[in-house]
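Visitor: Next up is a structure, given as structure tokens.
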Amino acid sequence: MNFDDTPEQARLRAEVRQFLAAHHDELAHGDGAYLEEPGHERVDELRRTQAVLFDAGYMGLTWPEEYGGGGGTNAQQAVINEELHRARVAGPVGHVGLGMCGPTILRHGSEDQKQRYIRRLLRADDMWCQLFSEPGGGSDLAALRTKATRHDDGWHVQGQKVWTTLAQHCRFGILLARTNPEAARHRGLTMFVIDMEAPGVTVRPLRQMNGHHSFNEVFLDDVVIADSERLGDVDDGWRVALTTLMNERMAVGGGGGELGVRSDVLVSHANRLLPRLSEERRVLAVEALGRVLVESLAARYSGYRLQTTLEKGEHPGPESSAGKLTAVRVAHATADLGLRLLGEDAVLARSRDGDWRWASAAASTPGIALAGGTDEILRNIVGERVLGLPPDRPRTPAAATATPIAESR
Amino acid sequence: MNFDDTPEQARLRAEVRQFLAAHHDELAHGDGAYLEEPGHERVDELRRTQAVLFDAGYMGLTWPEEYGGGGGTNAQQAVINEELHRARVAGPVGHVGLGMCGPTILRHGSEDQKQRYIRRLLRADDMWCQLFSEPGGGSDLAALRTKATRHDDGWHVQGQKVWTTLAQHCRFGILLARTNPEAARHRGLTMFVIDMEAPGVTVRPLRQMNGHHSFNEVFLDDVVIADSERLGDVDDGWRVALTTLMNERMAVGGGGGELGVRSDVLVSHANRLLPRLSEERRVLAVEALGRVLVESLAARYSGYRLQTTLEKGEHPGPESSAGKLTAVRVAHATADLGLRLLGEDAVLARSRDGDWRWASAAASTPGIALAGGTDEILRNIVGERVLGLPPDRPRTPAAATATPIAESR
Amino acid sequence: MDFDIDDEQRNFAQHARDFFSEQAGPEHARTLLAAPGEAAPGRRVLAELGFSSLTIPEDFGGVGAELLNMALVAEQAGRQLAGPSLTTAARVAVLLADDADRLAAFSEGRLSLAVLDGPPSGSRPSMDVVGATHFLALDGDDLVIGEGRVTLGEPIDATRGLGYVELTSSEVVAQDAQARWARARQVACVILAAEGLGAADRAVEIGLEYAKTRETFGRQIGAYQAVKHRLVDDWVAVNQLRSLVWWAAWAADHAPDQLPIAASAAKAYCAGTFETACETLIHVLGGIGFTWEHDAHLYWRRAKVDRLLLGDESEHLAAVATCTLHAADAAATGELQPI
Amino acid sequence: MDFDIDDEQRNFAQHARDFFSEQAGPEHARTLLAAPGEAAPGRRVLAELGFSSLTIPEDFGGVGAELLNMALVAEQAGRQLAGPSLTTAARVAVLLADDADRLAAFSEGRLSLAVLDGPPSGSRPSMDVVGATHFLALDGDDLVIGEGRVTLGEPIDATRGLGYVELTSSEVVAQDAQARWARARQVACVILAAEGLGAADRAVEIGLEYAKTRETFGRQIGAYQAVKHRLVDDWVAVNQLRSLVWWAAWAADHAPDQLPIAASAAKAYCAGTFETACETLIHVLGGIGFTWEHDAHLYWRRAKVDRLLLGDESEHLAAVATCTLHAADAAATGELQPI
């Protein structure tokens with residue numbers, strides 16, 4: 001066990017730290033995810049940030065060099081991420097591409113696809129989204145009804161997707177569609193890369209309860225996709241999607257990262273506001289703060305253990321789902337305590353000091369809880385796939401087709 | 001809405017109060033249920049108490065006069081119960097008879113059975129138990145395997161029961177047994193009155209984690225029961241058992257009563273010990289106390305609403321299951337706060353002042369949580385029978401036989 | 001003991017239910033977030049119908065009803081996120097109890113009042129200051145009334161009309177008003193809890209409807225214990241909250257010594273019950289519950305604000321504990337009977 | 001970063017696992033409730049195997065291992081509810097760091113020590129006083145050692161050897177010992193959390209086994225979400241607790257400035273995790289889990305006691321918050337780097 005840097009890591013850390021200080025003004029900073037409305041200006045700023053970091057060699061360090069990756073190690077990427085966090089650099093705007101689409105393409109895409117897409121994805125030249133959920137389906141992916149039909153000029157796609165994160169800013173997406181309506185629910189699906197600027201694609205941003213427009217409806221009206229843009233085999237999309245979902249779970253909380261407002265932001269907020277509280281309130285707030293911090297530390301150090309596993313070359317397994325359960329709880333408690341520390345101003349969306357972060361974070365938490373699988377889905381995954389508990393209903397022949405989905409999403 | 005006594009109720013209240021003061025030494029007192037080991041001496045003391053109260057006309061006020069009841073009203077019984085509580089008189093030791101067996105006999109028993117049993121049951125001359133649960137069955141009553149086979153001299157019973165409350169002190173019990181092994185799970189059951197002193201009945205007290213012996217195993221080895229001791233029709237025991245269970249739920253927490261240590265005992269304990277705590281601990285303890293009291297008030301006043309419904313002549317419905325959920329939570333929190341208020345002594349079973357109540361209550365809470373249905377069972381009942389949510393699994397023909405049970409227990 | 005409302009009260013509540021479902025509703029709350037103003041149905045209409053003067057004696061132009069009746073109306077108002085809050089009216093009725101002229105003016109809707117929390121020189125965020133022309137405040141031991149400069153806050157829930165007020169004029173209405181002020185606040189807590197009760201009840205109702213129709217993995221989601229048990233817990237809590245609200249409202253008129261504990265118990269229990277019910281609702285709804293278009297967040301917003309108004313859960317838990325400890329102590333030393 | 005134990009440590013933990021499952025176990029804890037005495041395997045055996053001298057330097061007759069190794073042993077001891085606690089040994093190693101003779105005597109099992117919490121004139125209930133001949137205590141700023149009069153308490157968990165002690169003799173071991181005392185307590189918290197980790201892990205394991213085999217209403221109970229999700233939550237918490245314990249144990253030797261926060265975080269997180277795991281276990285087991293014969297209550301007893309020993313959850317939550325606030329404040333004003 002060793003948390004110390006090797007000399008080489010220490011050199012990298014110093015170099016990154018220096019770079020981030022020198023390029024401070026070219027980088028977007030922030031107090032945590034989901035705080036700002038992802039409008040065009042903010043997204044452009046975040047894309048520039050990602051490009052600056054890519055150009056410095058700090059994005060996709062572990063990705064293959066031949067496609068624009070750094071050919072480095074997980075340990076190096078971890079050092080870089082720590083320094084990005086310390087310098088309060090905003091998280092990468094292309095997180096769906098980095099966390100889900102990219103790994104899926106690397107694993108299942110053709111050489112040509114990797115050549116064309118990966119480098120631009122890492123640099124946020126292209127943003128990517130994931131077109132899985134549908135209005136009728138919710139967590140039940142295998143129920144999806146968007147159809148892709150084979151024609152001479154490629155696949156014709158007809159259907160509708162929803163909850164597509166940042167689709168309005170994306171150039172490409174990975175799309176799961178039904179290619180064989182005769183097959184059992186989770187069979188007969190195929191994964192494609194879709195050009196979001198193709199004719200027939202209509203993106204309609206959804207307004208969320210926090211006022212933001214992060215999620216979208218995507219209407220697919222006879223969209224044509226060349227067969228060369230298939231990811232994996234025909235009717236093998238379920239297996240491809242599992243890669244995406246495993247990576248999603250790792251990306252969303254699995255690594256011990258924070259999902260809401262950063263805990264150091266909460267700590268400095270508390271340092272500023274605790275003295276204004278009565279003695280009674282201070283005692284209660286300090287206990288609440290301790291609780292948030294301990295949960296947050298538990299998630300963070302568990303993420304480190306998972307990272308160590310990954311550094312040893314293993315793939316993220318279903319146990320990475322566990323991290324998100326805690327991360328969501330921490331995000332909720334952080335927003336709530338941040339708000340309560342505002343005292344009388346906590347009934348308004350902006351305090352007299354102009355602090356809007358906590359009310360905004362509170363209104364964003366329910367969305368954080370949904371992305372990457374609800375608590376129930378994650379608990380089912382851990383319970384059934386890690387702990388070997390029986391599935392939710394008996395494995396009758398009729399239920400069997402549904403079971404793999406229930407277990408994995 | 002009116003919480004005030006009518007002049008008649010006020011007279012009754014004054015009379016009861018005077019009686020309880022005058023007969024103080026003949027009555028057992030206590031801080032709450034499940035605190036003392038129900039050994040023979042304690043049980044005898046509690047039986048004498050119940051007899052004294054019966055003789056004064058304070059037990060079974062609403063039960064039919066022809067069988068020893070008082071022919072009075074629920075409102076009168078409520079006044080009496082309030083005064084018993086205020087005077088810290090220990091709850092009736094024959095609570096299984098009063099709460100479950102008695103109502104079942106009154107509804108399903110023969111005239112002869114009512115004549116022979118009810119009066120002595122009310123007076124705790126005979127104590128009664130309920131022989132339902134079996135080792136393999138748990139909450140799933142319809143899975144029971146104790147068999148009763150018809151012979152010329154009556155029914156021959158073979159099987160084993162478990163978790164039978166106070167069976168070692170009981171003269172009689174009501175027994176649910178399978179009389180038709182061919183019928184569907186919850187059909188083919190019949191209810192009987194069993195003489196616990198009959199040949200073939202062996203009672204083995206179980207030691208519990210709190211050191212007490214409230215629960216028993218009961219072995220039934222070719223016990224003969226006369227057909228005249230049947231309760232209800234042959235193979236109709238499921239319907240009879242529903243009466244028992246509904247009444248059990250009302251008896252266990254449904255009426256807003258406390259299941260663990262009395263909240264006024266917690267309050268006086270807190271009054272004594274709060275001054276010994278540091279300022280920080282006092283703030284935390286006061287908040288915790290407030291939380292217990294508010295939950296307890298919520299349960300108590302909800303019990304009053306239910307009592308009002310009953311006074312208007314309605315039977316207890318599945319919604320009475322709700323009260324126990326809260327009562328269990330309050331019992332748990334009461335024991336825990338009582339223990340924590342002891343400060344450093346809370347790591348021992350008896351404080352330096354000799355206070356053993358809180359550690360004992362803590363070790364009794366898990367048993368309280370089980371009796372009368374686990375939280376999950378109660379939530380299923382409320383969810384499915386009151387709120388109309390779908391049952392846990394689809395109503396396929398195969399599942400249909402199990403469903404009524406899943407819903408009702 | 002008869003702990004139930006009677007048929008007349010039931011009819012009255014049904015009348016209020018019909019009125020608020022026509023004249024208010026979450027769609028109004030949503031609109032208000034974009035275009036600030038007075039919440040629907042507005043104080044003029046509430047005065048016209050006599051809802052805001054329910055607890056004002058008939059001699060002063062009011063209806064002369066008990067607080068329980070107002071709580072029944074408030075529950076229905078809460079279901080539809082109506083505004084301004086009846087807490088203001090209930091509080092005014094107590095504060096101006098011996099000011100016949102102003103009470104009559106308020107009853108008739110000629111005087112638009114809000115009650116300020118915190119110092120009159122610069123109040124804390126106070127309810128229903130939107131549309132109010134005059135403000136009641138506690139200045140030392142004096143109850144004062146005056147006009148004021150209003151600074152509206154950026155709302156989480158726009159129906160609460162929250163703003164900071166600085167009195168620009170001030171006239172003493174009553175001296176030695178601490179006790180009256182405290183009682184008015186307790187009464188206001190009961191009505192706020194009643195509004196929360198109605199809103200929480202509606203939130204559970206929407207969740208139950210959805211859980212019975214929405215299917216995933218081949219089953220209605222309400223069949224899953226994770227969903228079912230959460231909804232059951234919320235439903236149980238809402239019903240228990242109703243018991244506390246009714247008790248507290250009854251106590252205001254019939255057992256004033258029980259009011260401090262009952263009002264704080266209702267307010268504290270409401271804070272958590274309402275908030276949890278809304279969080280469950282959004283969770284059960286999934287993605288759709290996170291959208292602006294769905295009503296869920298409007299109930300959620302109300303819950304997030306109401307839990308802190310007129311004292312948060314911690315304040316009221318401490319009040320319940322402290323009052324109970326004192327009463328028990330006094331009883332033990334022979335001073336008083338325990339409540 | 002390499003946040004994992006190595007193969008040697010894994011083997012070592014396996015060795016300890018085998019040892020404790022042979023030499024200790026819940027059946028011993030049950031017996032001890034009826035017949036007071038020293039818990040199994042007892043301090044003599046622990047000394048013989050070198051478990052209690054793991055963190056004592058080789059020069060003083062110890063093993064000279066890091067605290068992490070002791071935490072690995074403690075986890076296995078916890079699984080089997082073994083006693084006396086290794087917290088005492090870990091604490092002694094810190095307290096007597098420069099007392100070669102006594103340390104050697106302790107390493108060799110010739111000196112039976114317990115550490116007292118609270119004043120030496122009348123201690124608070126302190127661990128492992130059963131079977132101890134000498135006691136370490138903080139007397140003002142002095143670390144003292146002496147013999148004492150022991151009053152045993154009536155145990156909730158008999159394996160903790162809890163009693164009140166009044167020193168009858170006293171010799172100063174070290175002056176100005178506050179800092180050392182604090183560090184010893186932090187180290188003890190880490191080991192106590194490690195024992196809780198092992199016990200909680202075992203409780204979850206028993207619950208999982210039962211949930212996979214026991215059937216009700218035609219299904220294994222582990223298929224029901226109400227059961228499944230509780231067990232999952234506990235399993236997740238136990239695994240996160242392991243992360244905190246390992247970090248804190250590592251920090252003791254490699255990052256002493258992180259120890260105060262890490263030790264308190266581990267102790268606080270352990271309190272709730274272990275207690276909840278045992279409550280879940282008993283609940284999942286149903287009636288059988290409430291019996292004296294089943295092991296569940298022995299784990300439950302340990303959890304109910306351990307959560308309060310060496311400072312309860314509230315104390316350690318406050319410590320984490322306060323230390324973090326100070327560190328952040330110091331960093332903001334340029335004094336220190338944040339941890």
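For the structure tokens, the naming scheme is as follows: chains receive sequential letters (A, B, ...) according to their order of presentation, residues are indexed from 1 within each chain, and ligands are indexed from 1 in presentation order.
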Where does DSSP see strand (DSSP E or B) in region 107-300 of chain A, if you list the residues as a count of residues only?

Guide: 51

Visitor: Just the residues within 8 Å of region 88-105 of chain A, please, counting only C-alpha atoms, with nothing from its chain fewer than 5 positions along; format it as a ChimeraX atom specification.

Guide: /A:27-33,43,46-47,49-50,60,110,113-114,118,121-122,124,127-130,165,173-174,231,240-241,243-245,247-248,250-251

Visitor: Those residues with N, CA, C and O atoms, as a compact mmCIF listing (two decimals), in the first residue's frame please?

Guide:
# COMPACT_ATOMS: atom_id res chain seq x y z
N LEU A 27 -8.77 28.08 -18.96
CA LEU A 27 -9.52 26.92 -18.46
C LEU A 27 -10.79 27.36 -17.72
O LEU A 27 -10.79 28.39 -17.04
N ALA A 28 -11.84 26.60 -17.88
CA ALA A 28 -13.06 26.85 -17.11
C ALA A 28 -12.92 26.22 -15.73
O ALA A 28 -12.37 25.13 -15.59
N HIS A 29 -13.41 26.91 -14.74
CA HIS A 29 -13.35 26.40 -13.37
C HIS A 29 -14.76 26.27 -12.82
O HIS A 29 -15.72 26.79 -13.39
N GLY A 30 -14.88 25.58 -11.70
CA GLY A 30 -16.23 25.41 -11.16
C GLY A 30 -16.25 24.76 -9.79
O GLY A 30 -15.26 24.17 -9.35
N ASP A 31 -17.40 24.89 -9.15
CA ASP A 31 -17.56 24.37 -7.79
C ASP A 31 -18.10 22.95 -7.76
O ASP A 31 -18.17 22.33 -6.70
N GLY A 32 -18.51 22.46 -8.91
CA GLY A 32 -19.07 21.12 -8.93
C GLY A 32 -19.90 20.93 -10.18
O GLY A 32 -20.18 21.90 -10.91
N ALA A 33 -20.28 19.68 -10.39
CA ALA A 33 -21.02 19.36 -11.60
C ALA A 33 -22.45 19.86 -11.51
O ALA A 33 -22.98 20.08 -10.42
N VAL A 43 -20.82 25.71 -22.70
CA VAL A 43 -20.33 24.47 -23.33
C VAL A 43 -19.11 24.76 -24.19
O VAL A 43 -18.13 24.01 -24.18
N LEU A 46 -16.20 25.10 -21.97
CA LEU A 46 -15.77 23.80 -21.44
C LEU A 46 -15.08 22.98 -22.53
O LEU A 46 -14.13 22.23 -22.25
N ARG A 47 -15.54 23.11 -23.78
CA ARG A 47 -14.89 22.38 -24.87
C ARG A 47 -13.47 22.91 -25.09
O ARG A 47 -12.53 22.14 -25.30
N THR A 49 -11.66 24.20 -22.83
CA THR A 49 -10.87 23.68 -21.71
C THR A 49 -10.39 22.27 -21.99
O THR A 49 -9.21 21.94 -21.81
N GLN A 50 -11.31 21.44 -22.47
CA GLN A 50 -10.93 20.06 -22.75
C GLN A 50 -9.86 20.00 -23.85
O GLN A 50 -8.93 19.18 -23.78
N GLY A 60 -7.27 11.44 -21.83
CA GLY A 60 -7.18 10.12 -22.47
C GLY A 60 -5.80 9.52 -22.39
O GLY A 60 -5.31 8.89 -23.33
N SER A 110 -14.84 -0.42 -35.55
CA SER A 110 -13.89 -0.82 -36.60
C SER A 110 -12.66 0.08 -36.50
O SER A 110 -12.68 1.14 -35.88
N GLN A 113 -13.49 3.48 -37.67
CA GLN A 113 -14.24 4.28 -36.70
C GLN A 113 -13.30 4.83 -35.63
O GLN A 113 -13.37 6.00 -35.25
N LYS A 114 -12.43 3.99 -35.15
CA LYS A 114 -11.50 4.46 -34.11
C LYS A 114 -10.64 5.61 -34.65
O LYS A 114 -10.42 6.61 -33.97
N ILE A 118 -12.00 8.83 -32.30
CA ILE A 118 -11.47 8.88 -30.93
C ILE A 118 -10.72 10.18 -30.62
O ILE A 118 -10.97 10.83 -29.60
N LEU A 121 -12.99 13.05 -30.24
CA LEU A 121 -13.80 12.88 -29.03
C LEU A 121 -13.01 13.30 -27.79
O LEU A 121 -13.51 14.01 -26.91
N LEU A 122 -11.75 12.88 -27.75
CA LEU A 122 -10.91 13.22 -26.60
C LEU A 122 -10.72 14.72 -26.48
O LEU A 122 -10.60 15.28 -25.39
N ALA A 124 -12.83 16.95 -27.48
CA ALA A 124 -14.13 17.62 -27.49
C ALA A 124 -14.34 18.41 -28.77
O ALA A 124 -15.15 19.36 -28.81
N MET A 127 -18.62 16.38 -29.67
CA MET A 127 -19.21 15.85 -28.44
C MET A 127 -20.12 14.67 -28.80
O MET A 127 -20.69 14.62 -29.88
N TRP A 128 -20.22 13.76 -27.86
CA TRP A 128 -20.94 12.51 -28.10
C TRP A 128 -22.04 12.30 -27.06
O TRP A 128 -21.90 12.69 -25.90
N CYS A 129 -23.11 11.69 -27.51
CA CYS A 129 -24.18 11.32 -26.58
C CYS A 129 -24.55 9.85 -26.76
O CYS A 129 -24.09 9.19 -27.70
N GLN A 130 -25.37 9.40 -25.86
CA GLN A 130 -25.71 7.99 -25.78
C GLN A 130 -27.22 7.87 -25.93
O GLN A 130 -27.95 8.37 -25.08
N THR A 165 -28.34 13.04 -22.67
CA THR A 165 -27.58 14.12 -22.05
C THR A 165 -26.83 14.95 -23.09
O THR A 165 -26.08 14.40 -23.90
N GLY A 173 -23.59 10.27 -31.75
CA GLY A 173 -24.13 9.51 -30.63
C GLY A 173 -23.98 8.03 -30.89
O GLY A 173 -23.76 7.60 -32.03
N ILE A 174 -24.05 7.23 -29.83
CA ILE A 174 -24.19 5.80 -30.06
C ILE A 174 -25.64 5.44 -29.77
O ILE A 174 -26.22 5.88 -28.79
N LEU A 231 -21.77 -0.68 -34.74
CA LEU A 231 -20.77 -1.00 -33.70
C LEU A 231 -21.04 -2.43 -33.24
O LEU A 231 -22.03 -2.69 -32.57
N VAL A 240 -22.86 -5.15 -26.70
CA VAL A 240 -22.14 -3.88 -26.86
C VAL A 240 -22.61 -2.89 -25.79
O VAL A 240 -21.80 -2.20 -25.15
N ALA A 241 -23.92 -2.86 -25.56
CA ALA A 241 -24.47 -1.93 -24.57
C ALA A 241 -23.96 -2.23 -23.16
O ALA A 241 -23.76 -1.32 -22.36
N THR A 243 -21.01 -3.12 -22.38
CA THR A 243 -19.74 -2.39 -22.26
C THR A 243 -20.00 -0.94 -21.87
O THR A 243 -19.39 -0.39 -20.95
N THR A 244 -20.96 -0.36 -22.57
CA THR A 244 -21.28 1.05 -22.29
C THR A 244 -21.75 1.21 -20.85
O THR A 244 -21.30 2.12 -20.14
N LEU A 245 -22.64 0.32 -20.43
CA LEU A 245 -23.23 0.47 -19.10
C LEU A 245 -22.21 0.25 -17.99
O LEU A 245 -22.19 0.96 -16.99
N ASN A 247 -19.09 0.81 -18.19
CA ASN A 247 -18.24 2.00 -18.15
C ASN A 247 -18.99 3.19 -17.57
O ASN A 247 -18.41 4.02 -16.88
N GLU A 248 -20.29 3.25 -17.85
CA GLU A 248 -21.09 4.34 -17.30
C GLU A 248 -21.07 4.29 -15.78
O GLU A 248 -20.88 5.29 -15.10
N MET A 250 -18.86 2.99 -13.88
CA MET A 250 -17.54 3.38 -13.40
C MET A 250 -17.41 4.90 -13.48
O MET A 250 -16.89 5.54 -12.56
N ALA A 251 -17.91 5.48 -14.57
CA ALA A 251 -17.77 6.92 -14.77
C ALA A 251 -18.63 7.70 -13.79
O ALA A 251 -18.24 8.77 -13.31

Visitor: For a quick test of understanding: name the residues of chain B lying within 10 Å of chain A when counting only C-alpha atoms, and present them as a ChimeraX atom specification.

Guide: /B:279-284,287,392-394

Visitor: For the selection you just gave me, I'd like the residues written to a file as a PDB file, in the first residue's frame, keeping N, CA and C atoms.

Guide:
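The file below, out06.pdb, is the result:
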ATOM      1  N   GLU B 279     -22.762  20.518  26.839  1.00  0.00           N
ATOM      2  CA  GLU B 279     -23.658  21.351  26.048  1.00  0.00           C
ATOM      3  C   GLU B 279     -23.928  20.726  24.673  1.00  0.00           C
ATOM      4  N   GLU B 280     -22.864  20.255  24.021  1.00  0.00           N
ATOM      5  CA  GLU B 280     -23.033  19.652  22.676  1.00  0.00           C
ATOM      6  C   GLU B 280     -23.946  18.438  22.750  1.00  0.00           C
ATOM      7  N   ARG B 281     -23.682  17.581  23.732  1.00  0.00           N
ATOM      8  CA  ARG B 281     -24.483  16.371  23.852  1.00  0.00           C
ATOM      9  C   ARG B 281     -25.928  16.690  24.172  1.00  0.00           C
ATOM     10  N   ARG B 282     -26.125  17.774  24.935  1.00  0.00           N
ATOM     11  CA  ARG B 282     -27.488  18.144  25.306  1.00  0.00           C
ATOM     12  C   ARG B 282     -28.264  18.577  24.054  1.00  0.00           C
ATOM     13  N   VAL B 283     -27.613  19.362  23.221  1.00  0.00           N
ATOM     14  CA  VAL B 283     -28.284  19.801  21.990  1.00  0.00           C
ATOM     15  C   VAL B 283     -28.704  18.600  21.150  1.00  0.00           C
ATOM     16  N   LEU B 284     -27.783  17.657  20.995  1.00  0.00           N
ATOM     17  CA  LEU B 284     -28.086  16.480  20.172  1.00  0.00           C
ATOM     18  C   LEU B 284     -29.168  15.617  20.827  1.00  0.00           C
ATOM     19  N   GLU B 287     -32.659  17.196  20.492  1.00  0.00           N
ATOM     20  CA  GLU B 287     -33.232  16.975  19.153  1.00  0.00           C
ATOM     21  C   GLU B 287     -33.731  15.535  19.019  1.00  0.00           C
ATOM     22  N   ASP B 392     -46.834  -8.410  -5.238  1.00  0.00           N
ATOM     23  CA  ASP B 392     -45.408  -8.531  -5.476  1.00  0.00           C
ATOM     24  C   ASP B 392     -45.085  -9.283  -6.751  1.00  0.00           C
ATOM     25  N   ARG B 393     -45.968 -10.210  -7.136  1.00  0.00           N
ATOM     26  CA  ARG B 393     -45.714 -10.856  -8.408  1.00  0.00           C
ATOM     27  C   ARG B 393     -46.992 -10.960  -9.214  1.00  0.00           C
ATOM     28  N   PRO B 394     -46.800 -11.156 -10.513  1.00  0.00           N
ATOM     29  CA  PRO B 394     -47.962 -11.132 -11.395  1.00  0.00           C
ATOM     30  C   PRO B 394     -48.944 -12.216 -11.005  1.00  0.00           C
TER      31      PRO B 394
END

Visitor: What is the CA of Ala194 (chain D) to CA of Leu72 (chain D) distance in Å?

Guide: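 Pair CA of Ala194 (chain D) / CA of Leu72 (chain D) returns 7.3 Å.
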
Visitor: Could you please tell me, as JSON, numbers by chain, which residues of chain B have an atom within 9 Å of chain C when using only C-alpha atoms?

Guide: {"B": [1, 2, 3, 4, 5, 6, 75, 78, 79, 264, 267, 268, 270, 271, 283, 286, 287, 288, 289, 290, 291, 292, 293, 294, 295, 297, 298, 299, 300, 301, 302, 303, 304, 305, 306, 307, 308, 309, 311, 319, 322, 323, 325, 326, 376, 379, 380, 382, 383, 384, 387, 388, 389, 390, 391, 392, 393, 394]}
